[in-house]
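**Q** A single structure is presented below for examination.
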Amino acid sequence: MMREPTHETVVTENRLSHLPEPVQRYMRWTGVVGKPWIRTAYVRQTGRFRQGFDKPWMPMSAEQVFTIDPPGMRWRASFKMFGLPLMRADDSYRNGQGRMFGKVAGLFTIFDDRGEELTRGTLTRYLSEMIWFPIAYLGDNVTWTAVDDHSADVILTDHGRTASGRMFFDELGRPTTFETMRYKGEKGSFTLTPWHTPSREWGMRGGLNIPIRGDVSWILPEGALIYGDFTIAEVAYNRPGDSI
């Protein structure tokens, strides 16, 4: 059963008072003050994805459901090549356990991972994607530390693990990027690698201001590998029946 994040039914200005100034600016920009607490979030995405510098871009579409307390998510995506379905992915984080599962042409399993590094990497991904349901940043499991006028460090704790990163904000309070170290898997092994998720466009979805287009990049010795380019087509909060 999902726990209530607070006794309050809506977000109040008092909930922002302990936050670093750039985070207060960000939360006010989102419009969360006066809004109901979020229990679940539904996100529909479109975009493109590639697996390496020399790999072709694949159009993709995805639906994702998040729970906030406790943290959880399920991301179901489909990828095409030459207009034909090529691969399906089903990534999840529930009960402190991450899983990444994928099939080619709906027939052959190409990966099914649920190890410790994958779980930690998925929790880090969840932290970065909280920008789509920003009330989650006010939870008791989140800690903010000021860096300067335009950035702050954030830590999310769940099931004895932590995920952390640095968020950057512009003068309006819009989040411009999230930077951290995340486990990158390759040929069965995982390496902590710099990971950036810059935001390119912002807009209103589900009644809140959020980033609506952005990239995901691994920062490698040979340069930044932008492997995903995503647009947020739809967001809905607290939909009846949403679960992971």
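Letters A, B, ... mark the chains of the structure tokens in the order given; residue numbers begin at 1 per chain; ligand numbers begin at 1, in order shown.
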Can you list, as an MDAnalysis selection string, every protein, DNA or RNA residue that comes within 12 Å of Asp148 in chain A when you count only C-alpha atoms, leaving out same-chain residues fewer than 4 positions away?

**A** chainID A and resid 20:23 152:153 166:170

**Q** Just write the chosen residues, N, CA and C atoms, as a short mmCIF file (atom, residue, chain, number, x, y, z; two decimals), in the first residue's frame.

**A**
data_model
loop_
_atom_site.label_atom_id
_atom_site.label_comp_id
_atom_site.auth_asym_id
_atom_site.auth_seq_id
_atom_site.Cartn_x
_atom_site.Cartn_y
_atom_site.Cartn_z
N PRO A 20 17.16 25.09 -0.43
CA PRO A 20 18.09 26.10 -0.97
C PRO A 20 17.36 27.05 -1.91
N GLU A 21 17.85 28.29 -1.98
CA GLU A 21 17.15 29.32 -2.77
C GLU A 21 16.89 28.89 -4.21
N PRO A 22 17.86 28.33 -4.96
CA PRO A 22 17.55 27.96 -6.35
C PRO A 22 16.49 26.87 -6.45
N VAL A 23 16.39 26.01 -5.42
CA VAL A 23 15.36 24.97 -5.43
C VAL A 23 14.00 25.58 -5.12
N ALA A 152 22.11 22.87 -6.97
CA ALA A 152 22.00 22.24 -5.67
C ALA A 152 22.17 20.74 -5.85
N ASP A 153 22.70 20.09 -4.82
CA ASP A 153 22.84 18.64 -4.82
C ASP A 153 21.59 18.02 -4.20
N ARG A 166 23.53 16.43 -9.16
CA ARG A 166 23.50 17.89 -9.06
C ARG A 166 22.55 18.43 -10.10
N MET A 167 21.60 19.26 -9.64
CA MET A 167 20.65 19.90 -10.53
C MET A 167 21.02 21.36 -10.73
N PHE A 168 20.83 21.83 -11.96
CA PHE A 168 21.14 23.21 -12.33
C PHE A 168 19.86 23.90 -12.78
N PHE A 169 19.75 25.20 -12.44
CA PHE A 169 18.53 25.97 -12.72
C PHE A 169 18.90 27.32 -13.31
N ASP A 170 18.02 27.84 -14.18
CA ASP A 170 18.27 29.17 -14.72
C ASP A 170 17.62 30.23 -13.84
#

**Q** If we count only C-alpha atoms, what is near range 54-70 of chain A at a cut-off of 8 Å, once residues fewer than 3 positions away on the same chain are taken out, given as an MDAnalysis selection string?

**A** chainID A and resid 2:5 38:51 73:81 95 136 158 242:244

**Q** Once DSSP has gone over the backbone, tell me which residues of range 32-228 of chain A are in helix (DSSP H, G or I), as an MDAnalysis selection string.

**A** chainID A and resid 116:132 134:138

**Q** So which residues touch Ile226 in chain A within 7 Å, counting only C-alpha atoms, skipping near sequence neighbours fewer than 6 positions away, as number ranges by chain?

**A** A: 215-218

**Q** Write out as an MDAnalysis selection string which residues come within 12 Å of Gly160 in chain A when counting only C-alpha atoms, dropping same-chain ones fewer than 3 positions away.

**A** chainID A and resid 95:97 119:120 123 141 156:157 163

**Q** Find the residues of range 73-164 of chain A that sit at most 9 Å from range 184-196 of chain A; for each, write down the nearest two atoms and how far apart they are in Å, to one decimal. Count only C-alpha atoms. Sort by chain, then by number going up, and give it as a tab-separated table.

**A**
residue	atom	partner	partner_atom	distance
A:Glu117	CA	A:Phe190	CA	6.8
A:Leu118	CA	A:Gly185	CA	8.0
A:Gly121	CA	A:Lys184	CA	7.8

**Q** As a ChimeraX atom specification, list the residues of range 8-244 of chain A assigned to strand (DSSP E or B) by DSSP on the backbone atoms of this structure.

**A** /A:10,36,40-49,58-67,72-81,84-94,97-104,108-113,142-148,151-158,161-169,175-186,189-196,199-205,208-220,223-237

**Q** From the set A:His159, A:Arg125, A:Arg88, A:Arg213, which residue has the shortest atom-to-atom contact distance to Thr180 in chain A, counting only C-alpha atoms?

**A** A:Arg125
